[in-house]
Each structure stands twice: as C-alpha cells, then as structure tokens.
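Encoded as structure tokens, the structure appears first; notes follow it.
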Amino acid sequence: MSLNVYIVDDDESVCRALRTLLMTYDFEVKTFNSAKSFFENVAHDDPGCLLLDIHMPGVDGWEVQKRILKSGSTRPVIFISAEKNDNASIRALQVGAVGFLQKPVNGQTLVDLINVGFQLTSEAK
Amino acid sequence: MKNKIITKPKQAIRIPLIKVTRNNLEEQVRQQTDKLRIRDGQLRQGADREKLGADRERLGADREKLGADREKLAEEKARQQTDKLKIRDGQLRQGADREKLGADRERLGADREKLGADREKLGADREKLGADREKLAEEQIYIRTKAMESTLDGIFIIDVKNSDFPIIYANPSFYSLTGYSKSEVIGKNYFLLYKANADLRVVEEIKQTMRYGKSFHGEMLNFKKDGKKFWSSLRIAPIRNTDGDITHYVVAQTDITLMKKRDSEIEEQREDLLHVTRVGKLAEFVSSLAHEISQPLTAILSYAQAAQRLLKGKEPQLQEILRYIINDDQRASEVIRRLRVLLKKNKPTFEPIDINVLINDTVNLIMTHITVKNKVVKFELNSSLPMIHGDRIQLQQVLLNLISNSLEAMEESRDYNELVIRTSRKNNDMIMVEVKDLGCGIPKENMKKLFAHFFTSKPDGLGMGLSISRSIVEAHGGHLEAKNNPDRGATFYFTIPINMKKDQ
C-alpha cells in the first residue's frame, strides 16, 4: 500500500511538479492550493504526510500546523518555503514539524525527510 | 396913489400964473416954491420912483446878473477851488510818492546791504561746503579704505593696463588667507600665485574672463603659501575708467572651506540616507522578485528530477540534459539566495581567502567569454599579499562585475583590448585590487551616479551590478571607487581589510 502525501501550496505549478516527482517514488499524492481546501477534503485522522508551504495568502503554513496540532492529529508535517527567514527551520521543529526545506527542494532530500516523518509517526504509535 | 404918480411921470408940470402981492407974492412964491418944491418933490419923487423902479428893475436885473455872476463866480470859485484842491491833491500825492520813493530807496539800500551780507555769507558757506566736501570725501575714502582693510574677504586689485597683470593692492585678509607677504604679492602676476596645483580649467576660465572684460563668479581650490588647500569663492569684476575702458580688476575671495565641508557632510548624510532608502526598497523589490522566481525554479527542479527518475537506466543523452537543467536551476537558486543574503544584511560567511587565487578562479570562469571577445587579461598580482577574510562568492561577484564592465567598455574598440588586474598592499590594514581597462572611460556627469542603484549606461543593463558590488565591498569593511585613467579608459579599485575578524 502506497503512503499518502498531501501538498498544500498556493502555486499550482509547484504542486503539480512536486506531485510528479513524488509519484516517481510511489507516493499517493494529493495537492491543495489553499489551507481551506485541504481541511475541507482531508479529515484530521486521514493518514499521510503533509508538505506545507509557509507563505500563502489567507491561512499560512504556521496557522495550518497550529490547527492540525489542535485537532489532535499526529500527521507528520514538512515545511517548505522559498525564503529562509525568521529562523524558519528552528521554528518548524519547535512547532512539532519533521523539518524545513528551502525551495527549490532536492527530490531525494525531500523523500528522505518524508520517510523520516512516516517513521516518527509509526514509532509514536 | 402911488400907481397914479407912477402913471404920470411923463406929463410936463404946468405952473399957474397968478397975480400976487409982494407978501402975497412972496408967499405965493414960497407957496409956489413950496408947491413947486413939493411938486418938484413930487415930480422928483415920481421920477425917483420911476428911477427907483427902473433902478429897482435895474437892481433886479443887476441882482439877477449878480446872482448869475455870483453863481458864475461861485462856480468859478468852486472850479478854482477844485483846481486848487486838485493841485493840492496832486501836491499831496506827489509828496506821498516822494515819501514812498524815499522809503523804497531806503529799503533798497537795506536790501542791497543784506544782499551783500548774504553774498558774503554765501561765500563763507561755499567755502565751508567745500571744506565739508573735502572732509566728507576724505572720510569716505577713509571708510572705504578701512572697509577694504577690515573685511574678512581677501580683496586685491590687478592692473590690466600692464600686460603682466600685476597685483597693485591686496588687503590684509588676502595676506592672512594666503599666507603670502606683501612683497610676495604686490607687483607680481596674479596667476603665478596659483602655481601648478590649481585647477587649470578654472584658471583658464578666469583668464578668459579678463581677456573679454567680463565678470567671474566661481569656486576654486586654492593653495596657501605653505601648500595647504582651501576652497575659495571668487568674484572678479572689472573696474572701468571714465572712458569706459577697463583698467583694473578687483577680486574678492572668500574662504569657503568650512562651508564646503559642512555641505559635503550634509551631502554624505543625505547619501547615507538615500542609500538606506534605496537598499530598503531594493531589498523589498528583490525579496518579492526572489519569491516569484523561486516558485518556477522549484517546479523546474522537481520536474527534472522526476524525469530523471523516470528515465533511470535509459536515454543517457536525455539524462545528461536533465542533469544540466538541474545544475542551472540550482545555480539560479544560488544567485537568488545570495542576493537575498546580501540585501537582508544577513552576515555573510567569512573565510580566509587568497585574493590572487580568487582572481584567477574568477577569470577562469569567464575565460571563454574573454577569448570570444578578443580581449586579453594581464595580471599584475603581488604574490606576497596576506590572506584576507571575506565571503568568497560575494567577492567573486564583485570581481565578475568589474571585469565584465571593463570588457563591455572595450567592446567597441579593436585597438584597445587589454584588461589589467592588479593586486597590491595599500597599507598595513588593507590590500587593494584594481581592474583597469582601456575603454571609453566614464563621462564626468556619470561619475557621481555610478554606484547608485538602477543607474546604468548600458542599453540592457539593470543598474544593479556596481551598487551591489559596492555594498559587498563595504560590508567587508573596504571601499570601491572608480577613476578615469590619465591616458585612456577607467580603473575600478577596491580595498579589503586584512585583519577582519572571522565572526564579523
């Protein structure tokens, strides 16, 4: 059974490209252009790793992570962003994410991190 | 009765003849006589009466005449009287006139006297006035001379009738301003004072001014006798004689060194402020630009990596193309990352760098480009330079920018194709890197704006290269400047401190 990866990024091209890439690693990939669309379509206990863009109009990545934690979900989250400021990588770990990657992300690095995320989640269980 | 008598005066008296006795006769005679007498008397009376009447008539006429005469007389008298009065009046008037005349003459005399006195006074006044004027003129000359001597402006006068243009007067301020003594100035050619140090263009302009009899107002860098520089504001104006010919020039000179210094300080502060503003705006601009470019770069990289995986073990040529795509994508991402680092003033990564090695590496990167453009790079590197501390990529960026600018400056020229890169020890703390070309040089008006953001003289330039380069060099604690070479082209040179702390 293939693992689920959800991508939330307001840039459609980025979503499509990352999906194409991750599909070559045999992940089941679903993309969303906004946090709203993600919450509407994915239940908090649906299994899967989330690739979360930080800078989005409306609800941003940090806010999404807050809601996920609030819902009691143990979903592994990986932050991605074009900018690396506000100590993003440290902050990502502080809010319980698996990690932070700066765009453009290297495929193998991303996959490694996703696998770490799944591993952490299964260990937690 | 009376009337009867009057009516009978012309009848002759008849005496009756009567015989009379003696006595009687006598008596008679007496009586007759008496009668006669009476008669006579009566007659006489009548005649008299007649006469009286006539007389009366005559009298009346006389009286009338008299009256008329009297009237006439009275008239005559009155006339005479009037005449007399007239004469009298005339006499009187004549008297008054005479009196008046006398008074007038007297007055005239007094007036003449007064006039004489006045004339005398006037003469005295004139004399006084002349003296006053002289005094005033003297005072004015004194005040004017004093003013010239007291003013803090240096003032001197040049005689232009003499072809040597000698200075014939200089005020004390001029001596204190320039440090020259009177004997070194008076009689000397004004232009000799400028020596070789002065701005020849300004000196030439002043010469032209005098040649054409015009005024000059300008600023120039002057030198005191001891060689010390000072900025002066010069006002040069012709002095004309009554015929309108220029005989002299007066020059007023004010030391504006302090003013200049203050101005340049203000200018510097303004520049700093502008720099901050520009950098701020640029950072904002680059930040949003970087974000927009990062997204497609992310997509391209992901697609290429996906394709790479899909083609694993197949299509080696396509695999190679994908590798190039990925490499270039990462290079573009790196540029953006650096740009962001630079503009966010994030601390760059400092490491010990051999500047000569870095220059060689950098030139190697664009050697193909240089060869294609038919240019030659000549190295004049000082091999005994100490290591510097800096960000390798940032300094490489500066070198690349300066080298490619120099190449572009020589783009049009076939004869001048040599680029010189020189390293040297500037002083104890700094090394210097110079990039010299033989291109078209920098127009004077562009000198100031050269390092401004978005300033470019290239048709397709962004105007960011030099401004970013300067920011990089300054972040390293050095300075990046430009100058035109005396012969041809321009030189860009920057300093980098040797002992820069690693953690800075």
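Convention: chains lettered A, B, ... in structure tokens order; per-chain residue numbering from 1; ligands numbered from 1 as shown.
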Selection near range 69-85 of chain A, 9 Å with only C-alpha atoms, sequence-local residues under 6 positions removed, as number ranges by chain: A: 44-55, 61-62, 92, 95-105, 110, 113-114, 116-118, 120-121, 124; B: 287, 290-292, 294-295, 298, 337, 340
What does the file look like for those residues with C-alpha atoms, as a CSV table (one decimal), in the first residue's frame?
```
chain,number,residue,atom,x,y,z
A,44,HIS,CA,-7.6,15.1,10.6
A,45,ASP,CA,-7.2,11.4,11.1
A,46,ASP,CA,-6.6,10.5,7.4
A,47,PRO,CA,-3.1,9.1,7.4
A,48,GLY,CA,-0.4,10.8,5.3
A,49,CYS,CA,2.5,13.2,5.4
A,50,LEU,CA,1.9,16.9,4.7
A,51,LEU,CA,4.2,19.2,2.7
A,52,LEU,CA,3.2,22.6,3.8
A,53,ASP,CA,4.2,25.9,2.1
A,54,ILE,CA,4.7,28.7,4.7
A,55,HIS,CA,3.9,31.8,2.6
A,61,GLY,CA,1.6,27.4,7.0
A,62,TRP,CA,2.2,28.2,10.6
A,92,ALA,CA,9.5,24.4,12.3
A,95,VAL,CA,6.1,23.6,16.4
A,96,GLY,CA,6.5,19.8,16.0
A,97,ALA,CA,7.2,19.6,12.3
A,98,VAL,CA,9.5,16.9,10.9
A,99,GLY,CA,11.6,19.6,9.2
A,100,PHE,CA,12.0,22.6,7.0
A,101,LEU,CA,13.2,22.6,3.4
A,102,GLN,CA,14.0,25.7,1.3
A,103,LYS,CA,12.7,25.8,-2.3
A,104,PRO,CA,13.8,24.6,-4.8
A,105,VAL,CA,13.8,21.3,-2.9
A,110,LEU,CA,12.5,15.6,0.3
A,113,LEU,CA,12.6,13.6,5.1
A,114,ILE,CA,9.1,12.3,4.2
A,116,VAL,CA,11.7,10.1,8.4
A,117,GLY,CA,8.2,11.6,9.1
A,118,PHE,CA,6.4,8.3,8.5
A,120,LEU,CA,8.5,9.0,13.5
A,121,THR,CA,4.7,8.7,13.3
A,124,ALA,CA,4.9,7.2,18.1
B,287,SER,CA,12.6,39.8,-2.0
B,290,ALA,CA,13.2,36.2,-5.5
B,291,HIS,CA,10.0,34.6,-4.2
B,292,GLU,CA,8.4,34.8,-7.7
B,294,SER,CA,11.9,30.6,-6.6
B,295,GLN,CA,8.5,29.1,-7.4
B,298,THR,CA,11.2,24.7,-7.6
B,337,ARG,CA,19.8,33.0,-2.2
B,340,ARG,CA,18.7,37.8,-0.5
```
If we count only C-alpha atoms and set the cut-off at 12 Å, which residues sit around Gly187 in chain B, ignoring sequence neighbours fewer than 2 positions away in its own chain? Please answer as a PDB file with N, CA, C and O atoms, in the first residue's frame.
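Writing the result to result_36.pdb gives the following:
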```
ATOM      1  N   PHE B 156      41.925  91.949  -3.697  1.00  0.00           N
ATOM      2  CA  PHE B 156      43.099  92.516  -4.329  1.00  0.00           C
ATOM      3  C   PHE B 156      42.738  93.090  -5.691  1.00  0.00           C
ATOM      4  O   PHE B 156      41.697  92.776  -6.259  1.00  0.00           O
ATOM      5  N   ILE B 157      43.609  93.988  -6.155  1.00  0.00           N
ATOM      6  CA  ILE B 157      43.336  94.690  -7.402  1.00  0.00           C
ATOM      7  C   ILE B 157      44.455  94.401  -8.387  1.00  0.00           C
ATOM      8  O   ILE B 157      45.635  94.456  -8.034  1.00  0.00           O
ATOM      9  N   ILE B 158      44.043  94.082  -9.604  1.00  0.00           N
ATOM     10  CA  ILE B 158      45.023  93.754 -10.644  1.00  0.00           C
ATOM     11  C   ILE B 158      45.016  94.877 -11.672  1.00  0.00           C
ATOM     12  O   ILE B 158      43.953  95.325 -12.102  1.00  0.00           O
ATOM     13  N   ASP B 159      46.182  95.307 -12.056  1.00  0.00           N
ATOM     14  CA  ASP B 159      46.312  96.323 -13.107  1.00  0.00           C
ATOM     15  C   ASP B 159      46.352  95.597 -14.451  1.00  0.00           C
ATOM     16  O   ASP B 159      47.303  94.870 -14.738  1.00  0.00           O
ATOM     17  N   VAL B 160      45.332  95.809 -15.260  1.00  0.00           N
ATOM     18  CA  VAL B 160      45.308  95.092 -16.535  1.00  0.00           C
ATOM     19  C   VAL B 160      45.816  95.952 -17.689  1.00  0.00           C
ATOM     20  O   VAL B 160      45.852  95.518 -18.821  1.00  0.00           O
ATOM     21  N   ASN B 162      48.762  96.892 -17.623  1.00  0.00           N
ATOM     22  CA  ASN B 162      50.079  96.278 -17.717  1.00  0.00           C
ATOM     23  C   ASN B 162      49.906  94.812 -18.135  1.00  0.00           C
ATOM     24  O   ASN B 162      49.110  94.086 -17.544  1.00  0.00           O
ATOM     25  N   SER B 163      50.608  94.403 -19.155  1.00  0.00           N
ATOM     26  CA  SER B 163      50.403  93.052 -19.691  1.00  0.00           C
ATOM     27  C   SER B 163      50.838  91.962 -18.715  1.00  0.00           C
ATOM     28  O   SER B 163      50.483  90.805 -18.870  1.00  0.00           O
ATOM     29  N   ASP B 164      51.584  92.351 -17.680  1.00  0.00           N
ATOM     30  CA  ASP B 164      51.996  91.365 -16.675  1.00  0.00           C
ATOM     31  C   ASP B 164      50.910  91.098 -15.633  1.00  0.00           C
ATOM     32  O   ASP B 164      51.068  90.229 -14.786  1.00  0.00           O
ATOM     33  N   PHE B 165      49.804  91.880 -15.754  1.00  0.00           N
ATOM     34  CA  PHE B 165      48.705  91.734 -14.798  1.00  0.00           C
ATOM     35  C   PHE B 165      49.196  91.779 -13.357  1.00  0.00           C
ATOM     36  O   PHE B 165      48.931  90.865 -12.573  1.00  0.00           O
ATOM     37  N   PRO B 166      49.950  92.816 -12.984  1.00  0.00           N
ATOM     38  CA  PRO B 166      50.468  92.811 -11.613  1.00  0.00           C
ATOM     39  C   PRO B 166      49.382  93.156 -10.592  1.00  0.00           C
ATOM     40  O   PRO B 166      48.437  93.874 -10.893  1.00  0.00           O
ATOM     41  N   ILE B 167      49.546  92.620  -9.414  1.00  0.00           N
ATOM     42  CA  ILE B 167      48.663  92.963  -8.304  1.00  0.00           C
ATOM     43  C   ILE B 167      49.164  94.280  -7.729  1.00  0.00           C
ATOM     44  O   ILE B 167      50.347  94.393  -7.385  1.00  0.00           O
ATOM     45  N   ILE B 168      48.296  95.286  -7.683  1.00  0.00           N
ATOM     46  CA  ILE B 168      48.760  96.575  -7.178  1.00  0.00           C
ATOM     47  C   ILE B 168      48.279  96.838  -5.758  1.00  0.00           C
ATOM     48  O   ILE B 168      48.745  97.735  -5.088  1.00  0.00           O
ATOM     49  N   TYR B 169      47.307  96.054  -5.329  1.00  0.00           N
ATOM     50  CA  TYR B 169      46.851  96.215  -3.953  1.00  0.00           C
ATOM     51  C   TYR B 169      46.292  94.888  -3.468  1.00  0.00           C
ATOM     52  O   TYR B 169      45.673  94.147  -4.239  1.00  0.00           O
ATOM     53  N   ALA B 170      46.517  94.598  -2.210  1.00  0.00           N
ATOM     54  CA  ALA B 170      45.876  93.440  -1.590  1.00  0.00           C
ATOM     55  C   ALA B 170      45.579  93.814  -0.152  1.00  0.00           C
ATOM     56  O   ALA B 170      46.381  94.487   0.493  1.00  0.00           O
ATOM     57  N   LYS B 182      53.423  90.905   1.722  1.00  0.00           N
ATOM     58  CA  LYS B 182      53.176  91.969   0.770  1.00  0.00           C
ATOM     59  C   LYS B 182      54.163  91.932  -0.397  1.00  0.00           C
ATOM     60  O   LYS B 182      53.776  92.054  -1.566  1.00  0.00           O
ATOM     61  N   SER B 183      55.437  91.716  -0.065  1.00  0.00           N
ATOM     62  CA  SER B 183      56.465  91.753  -1.109  1.00  0.00           C
ATOM     63  C   SER B 183      56.332  90.577  -2.077  1.00  0.00           C
ATOM     64  O   SER B 183      56.825  90.626  -3.191  1.00  0.00           O
ATOM     65  N   GLU B 184      55.646  89.533  -1.624  1.00  0.00           N
ATOM     66  CA  GLU B 184      55.479  88.367  -2.489  1.00  0.00           C
ATOM     67  C   GLU B 184      54.269  88.518  -3.414  1.00  0.00           C
ATOM     68  O   GLU B 184      54.038  87.680  -4.284  1.00  0.00           O
ATOM     69  N   VAL B 185      53.500  89.567  -3.143  1.00  0.00           N
ATOM     70  CA  VAL B 185      52.245  89.718  -3.879  1.00  0.00           C
ATOM     71  C   VAL B 185      52.243  90.959  -4.772  1.00  0.00           C
ATOM     72  O   VAL B 185      51.970  90.873  -5.975  1.00  0.00           O
ATOM     73  N   ASN B 189      52.484  88.838 -10.912  1.00  0.00           N
ATOM     74  CA  ASN B 189      51.378  88.359 -11.733  1.00  0.00           C
ATOM     75  C   ASN B 189      50.452  87.506 -10.871  1.00  0.00           C
ATOM     76  O   ASN B 189      50.882  86.578 -10.191  1.00  0.00           O
ATOM     77  N   TYR B 190      49.200  87.839 -10.967  1.00  0.00           N
ATOM     78  CA  TYR B 190      48.195  87.164 -10.142  1.00  0.00           C
ATOM     79  C   TYR B 190      48.200  85.656 -10.372  1.00  0.00           C
ATOM     80  O   TYR B 190      48.123  84.860  -9.448  1.00  0.00           O
ATOM     81  N   PHE B 191      48.325  85.253 -11.614  1.00  0.00           N
ATOM     82  CA  PHE B 191      48.210  83.832 -11.948  1.00  0.00           C
ATOM     83  C   PHE B 191      49.391  83.003 -11.426  1.00  0.00           C
ATOM     84  O   PHE B 191      49.274  81.805 -11.237  1.00  0.00           O
ATOM     85  N   LEU B 192      50.512  83.699 -11.179  1.00  0.00           N
ATOM     86  CA  LEU B 192      51.667  82.974 -10.652  1.00  0.00           C
ATOM     87  C   LEU B 192      51.376  82.413  -9.264  1.00  0.00           C
ATOM     88  O   LEU B 192      51.943  81.413  -8.855  1.00  0.00           O
ATOM     89  N   LEU B 193      50.473  83.080  -8.559  1.00  0.00           N
ATOM     90  CA  LEU B 193      50.147  82.640  -7.206  1.00  0.00           C
ATOM     91  C   LEU B 193      49.486  81.264  -7.216  1.00  0.00           C
ATOM     92  O   LEU B 193      49.521  80.542  -6.237  1.00  0.00           O
TER      93      LEU B 193
END
```
Closest to chain B among A:Val29, A:Ala35, A:Ile68, A:Leu18, using only C-alpha atoms? A:Leu18
Just list as a PyMOL selection string whatever in range 202-314 of chain B DSSP marks as helix (DSSP H, G or I). chain B and resi 202-211+257-310
Tell me, which residues of range 51-219 of chain B carry DSSP strand (DSSP E), written as a PDB file with all heavy atoms, in the first residue's frame?
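This went into selection_8.pdb:
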```
ATOM      1  N   GLY B 154      39.278  88.279   1.249  1.00  0.00           N
ATOM      2  CA  GLY B 154      40.539  88.708   0.671  1.00  0.00           C
ATOM      3  C   GLY B 154      40.241  89.515  -0.578  1.00  0.00           C
ATOM      4  O   GLY B 154      39.485  89.078  -1.434  1.00  0.00           O
ATOM      5  N   ILE B 155      40.770  90.739  -0.641  1.00  0.00           N
ATOM      6  CA  ILE B 155      40.494  91.578  -1.801  1.00  0.00           C
ATOM      7  C   ILE B 155      41.817  92.047  -2.397  1.00  0.00           C
ATOM      8  O   ILE B 155      42.724  92.448  -1.666  1.00  0.00           O
ATOM      9  CB  ILE B 155      39.640  92.796  -1.399  1.00  0.00           C
ATOM     10  CG1 ILE B 155      38.229  92.325  -1.015  1.00  0.00           C
ATOM     11  CG2 ILE B 155      39.550  93.817  -2.548  1.00  0.00           C
ATOM     12  CD1 ILE B 155      37.364  93.390  -0.414  1.00  0.00           C
ATOM     13  N   PHE B 156      41.925  91.949  -3.697  1.00  0.00           N
ATOM     14  CA  PHE B 156      43.099  92.516  -4.329  1.00  0.00           C
ATOM     15  C   PHE B 156      42.738  93.090  -5.691  1.00  0.00           C
ATOM     16  O   PHE B 156      41.697  92.776  -6.259  1.00  0.00           O
ATOM     17  CB  PHE B 156      44.241  91.509  -4.412  1.00  0.00           C
ATOM     18  CG  PHE B 156      43.915  90.248  -5.159  1.00  0.00           C
ATOM     19  CD1 PHE B 156      44.224  90.137  -6.503  1.00  0.00           C
ATOM     20  CD2 PHE B 156      43.317  89.189  -4.520  1.00  0.00           C
ATOM     21  CE1 PHE B 156      43.943  88.966  -7.193  1.00  0.00           C
ATOM     22  CE2 PHE B 156      43.030  88.014  -5.206  1.00  0.00           C
ATOM     23  CZ  PHE B 156      43.340  87.910  -6.539  1.00  0.00           C
ATOM     24  N   ILE B 157      43.609  93.988  -6.155  1.00  0.00           N
ATOM     25  CA  ILE B 157      43.336  94.690  -7.402  1.00  0.00           C
ATOM     26  C   ILE B 157      44.455  94.401  -8.387  1.00  0.00           C
ATOM     27  O   ILE B 157      45.635  94.456  -8.034  1.00  0.00           O
ATOM     28  CB  ILE B 157      43.201  96.206  -7.141  1.00  0.00           C
ATOM     29  CG1 ILE B 157      42.021  96.460  -6.193  1.00  0.00           C
ATOM     30  CG2 ILE B 157      43.006  96.968  -8.453  1.00  0.00           C
ATOM     31  CD1 ILE B 157      41.970  97.860  -5.633  1.00  0.00           C
ATOM     32  N   ILE B 158      44.043  94.082  -9.604  1.00  0.00           N
ATOM     33  CA  ILE B 158      45.023  93.754 -10.644  1.00  0.00           C
ATOM     34  C   ILE B 158      45.016  94.877 -11.672  1.00  0.00           C
ATOM     35  O   ILE B 158      43.953  95.325 -12.102  1.00  0.00           O
ATOM     36  CB  ILE B 158      44.653  92.433 -11.347  1.00  0.00           C
ATOM     37  CG1 ILE B 158      44.568  91.299 -10.333  1.00  0.00           C
ATOM     38  CG2 ILE B 158      45.645  92.106 -12.451  1.00  0.00           C
ATOM     39  CD1 ILE B 158      43.900  90.064 -10.883  1.00  0.00           C
ATOM     40  N   ASP B 159      46.182  95.307 -12.056  1.00  0.00           N
ATOM     41  CA  ASP B 159      46.312  96.323 -13.107  1.00  0.00           C
ATOM     42  C   ASP B 159      46.352  95.597 -14.451  1.00  0.00           C
ATOM     43  O   ASP B 159      47.303  94.870 -14.738  1.00  0.00           O
ATOM     44  CB  ASP B 159      47.599  97.119 -12.883  1.00  0.00           C
ATOM     45  CG  ASP B 159      47.731  98.253 -13.886  1.00  0.00           C
ATOM     46  OD1 ASP B 159      46.868  98.360 -14.783  1.00  0.00           O
ATOM     47  OD2 ASP B 159      48.697  99.030 -13.760  1.00  0.00           O
ATOM     48  N   ILE B 167      49.546  92.620  -9.414  1.00  0.00           N
ATOM     49  CA  ILE B 167      48.663  92.963  -8.304  1.00  0.00           C
ATOM     50  C   ILE B 167      49.164  94.280  -7.729  1.00  0.00           C
ATOM     51  O   ILE B 167      50.347  94.393  -7.385  1.00  0.00           O
ATOM     52  CB  ILE B 167      48.668  91.857  -7.233  1.00  0.00           C
ATOM     53  CG1 ILE B 167      48.082  90.567  -7.814  1.00  0.00           C
ATOM     54  CG2 ILE B 167      47.897  92.291  -5.994  1.00  0.00           C
ATOM     55  CD1 ILE B 167      48.147  89.380  -6.886  1.00  0.00           C
ATOM     56  N   ILE B 168      48.296  95.286  -7.683  1.00  0.00           N
ATOM     57  CA  ILE B 168      48.760  96.575  -7.178  1.00  0.00           C
ATOM     58  C   ILE B 168      48.279  96.838  -5.758  1.00  0.00           C
ATOM     59  O   ILE B 168      48.745  97.735  -5.088  1.00  0.00           O
ATOM     60  CB  ILE B 168      48.317  97.737  -8.092  1.00  0.00           C
ATOM     61  CG1 ILE B 168      46.779  97.734  -8.234  1.00  0.00           C
ATOM     62  CG2 ILE B 168      48.988  97.641  -9.446  1.00  0.00           C
ATOM     63  CD1 ILE B 168      46.244  99.083  -8.621  1.00  0.00           C
ATOM     64  N   TYR B 169      47.307  96.054  -5.329  1.00  0.00           N
ATOM     65  CA  TYR B 169      46.851  96.215  -3.953  1.00  0.00           C
ATOM     66  C   TYR B 169      46.292  94.888  -3.468  1.00  0.00           C
ATOM     67  O   TYR B 169      45.673  94.147  -4.239  1.00  0.00           O
ATOM     68  CB  TYR B 169      45.757  97.288  -3.848  1.00  0.00           C
ATOM     69  CG  TYR B 169      45.071  97.303  -2.493  1.00  0.00           C
ATOM     70  CD1 TYR B 169      45.642  97.972  -1.410  1.00  0.00           C
ATOM     71  CD2 TYR B 169      43.865  96.625  -2.295  1.00  0.00           C
ATOM     72  CE1 TYR B 169      45.039  97.953  -0.165  1.00  0.00           C
ATOM     73  CE2 TYR B 169      43.247  96.602  -1.051  1.00  0.00           C
ATOM     74  CZ  TYR B 169      43.836  97.266   0.013  1.00  0.00           C
ATOM     75  OH  TYR B 169      43.241  97.240   1.238  1.00  0.00           O
ATOM     76  N   ALA B 170      46.517  94.598  -2.210  1.00  0.00           N
ATOM     77  CA  ALA B 170      45.876  93.440  -1.590  1.00  0.00           C
ATOM     78  C   ALA B 170      45.579  93.814  -0.152  1.00  0.00           C
ATOM     79  O   ALA B 170      46.381  94.487   0.493  1.00  0.00           O
ATOM     80  CB  ALA B 170      46.777  92.223  -1.664  1.00  0.00           C
ATOM     81  N   PHE B 216      33.558  87.356 -13.288  1.00  0.00           N
ATOM     82  CA  PHE B 216      33.662  85.923 -12.995  1.00  0.00           C
ATOM     83  C   PHE B 216      33.161  85.679 -11.586  1.00  0.00           C
ATOM     84  O   PHE B 216      33.414  86.453 -10.669  1.00  0.00           O
ATOM     85  CB  PHE B 216      35.122  85.476 -13.119  1.00  0.00           C
ATOM     86  CG  PHE B 216      35.360  84.053 -12.680  1.00  0.00           C
ATOM     87  CD1 PHE B 216      35.215  83.010 -13.582  1.00  0.00           C
ATOM     88  CD2 PHE B 216      35.717  83.761 -11.368  1.00  0.00           C
ATOM     89  CE1 PHE B 216      35.424  81.696 -13.186  1.00  0.00           C
ATOM     90  CE2 PHE B 216      35.926  82.442 -10.966  1.00  0.00           C
ATOM     91  CZ  PHE B 216      35.777  81.414 -11.880  1.00  0.00           C
ATOM     92  N   HIS B 217      32.413  84.608 -11.435  1.00  0.00           N
ATOM     93  CA  HIS B 217      31.967  84.202 -10.106  1.00  0.00           C
ATOM     94  C   HIS B 217      32.059  82.690 -10.052  1.00  0.00           C
ATOM     95  O   HIS B 217      31.414  82.003 -10.824  1.00  0.00           O
ATOM     96  CB  HIS B 217      30.534  84.662  -9.865  1.00  0.00           C
ATOM     97  CG  HIS B 217      30.112  84.467  -8.437  1.00  0.00           C
ATOM     98  ND1 HIS B 217      28.948  84.955  -7.921  1.00  0.00           N
ATOM     99  CD2 HIS B 217      30.736  83.834  -7.420  1.00  0.00           C
ATOM    100  CE1 HIS B 217      28.865  84.616  -6.644  1.00  0.00           C
ATOM    101  NE2 HIS B 217      29.931  83.934  -6.322  1.00  0.00           N
ATOM    102  N   GLY B 218      32.893  82.196  -9.192  1.00  0.00           N
ATOM    103  CA  GLY B 218      33.035  80.743  -9.141  1.00  0.00           C
ATOM    104  C   GLY B 218      33.793  80.287  -7.911  1.00  0.00           C
ATOM    105  O   GLY B 218      34.212  81.096  -7.086  1.00  0.00           O
ATOM    106  N   GLU B 219      33.911  78.997  -7.822  1.00  0.00           N
ATOM    107  CA  GLU B 219      34.611  78.422  -6.679  1.00  0.00           C
ATOM    108  C   GLU B 219      35.854  77.719  -7.201  1.00  0.00           C
ATOM    109  O   GLU B 219      35.831  77.148  -8.281  1.00  0.00           O
ATOM    110  CB  GLU B 219      33.723  77.390  -5.994  1.00  0.00           C
ATOM    111  CG  GLU B 219      32.554  78.018  -5.270  1.00  0.00           C
ATOM    112  CD  GLU B 219      31.613  76.981  -4.684  1.00  0.00           C
ATOM    113  OE1 GLU B 219      31.883  75.773  -4.854  1.00  0.00           O
ATOM    114  OE2 GLU B 219      30.631  77.379  -4.066  1.00  0.00           O
TER     115      GLU B 219
END
```
From the set A:Tyr6, A:Phe38, A:Tyr25, A:Phe32, which residue has the shortest atom-to-atom contact distance to chain B, counting only C-alpha atoms?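 Smallest distance to chain B is found for A:Tyr25.
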Given a cut-off of 12 Å, which residues of chain B touch chain A, counting only C-alpha atoms, written out as a PyMOL selection string? chain B and resi 286-312+326-334+336-341+344-346
Which residues are close to Ile366 in chain B, i.e. within 12 Å by only C-alpha atoms, leaving aside same-chain residues fewer than 4 positions away? Reply as a list of chain:residue names.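 That gives B:Ile359, B:Asn360, B:Asp361, B:Thr362, B:Ile370, B:Thr371, B:Val372, B:Lys373, B:Lys375, B:Val376, B:Val377, B:Gln396, B:Leu399, B:Leu400, B:Asn401, B:Ile403, B:Ser404, B:Leu407.
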Output for the residues just chosen: C-alpha atoms as a compact mmCIF listing (two decimals), in the first residue's frame:
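Printed below is again_32.txt as written:
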```
# COMPACT_ATOMS: atom_id res chain seq x y z
CA ILE B 359 41.04 36.41 -9.02
CA ASN B 360 42.48 33.53 -11.02
CA ASP B 361 39.44 31.36 -10.29
CA THR B 362 37.09 34.13 -11.27
CA ILE B 370 37.05 36.92 -22.73
CA THR B 371 38.62 34.96 -25.57
CA VAL B 372 35.49 35.18 -27.70
CA LYS B 373 35.51 38.94 -27.27
CA LYS B 375 40.31 40.61 -25.17
CA VAL B 376 43.43 39.95 -23.14
CA VAL B 377 43.71 39.87 -19.37
CA GLN B 396 33.75 36.75 -6.77
CA LEU B 399 35.28 40.76 -9.45
CA LEU B 400 32.96 39.35 -12.10
CA ASN B 401 31.03 42.57 -12.19
CA ILE B 403 35.70 42.51 -15.18
CA SER B 404 32.57 42.27 -17.31
CA LEU B 407 35.12 44.16 -21.14
```
Residue contacts of range 439-441 of chain B (10 Å, only C-alpha atoms) excluding same-chain residues fewer than 5 positions away, as number ranges by chain: B: 405-413, 415-419, 483-491
Residues within 8 Å of Val59 in chain A, only C-alpha atoms, excluding chain neighbours under 4 positions, as a list in words: Ser34, Ala35, Lys36, Glu63 and Val64 of chain A
Separation of CA of Pro352 in chain B from CA of Glu380 in chain B, in Å and rounded to one decimal: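 Separation between CA of Pro352 in chain B and CA of Glu380 in chain B: 21.4 Å.
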Could you work out how far CA of Arg235 in chain B lies from CA of Val251 in chain B, giving the answer in Å with one decimal?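 Separation between CA of Val251 in chain B and CA of Arg235 in chain B: 5.7 Å.
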Would you kindly return, as number ranges by chain, each protein, DNA or RNA residue with an atom no farther than 6 Å from any atom of range 223-225 of chain B, considering only C-alpha atoms and excluding same-chain residues fewer than 2 positions away? B: 178-180, 227-229
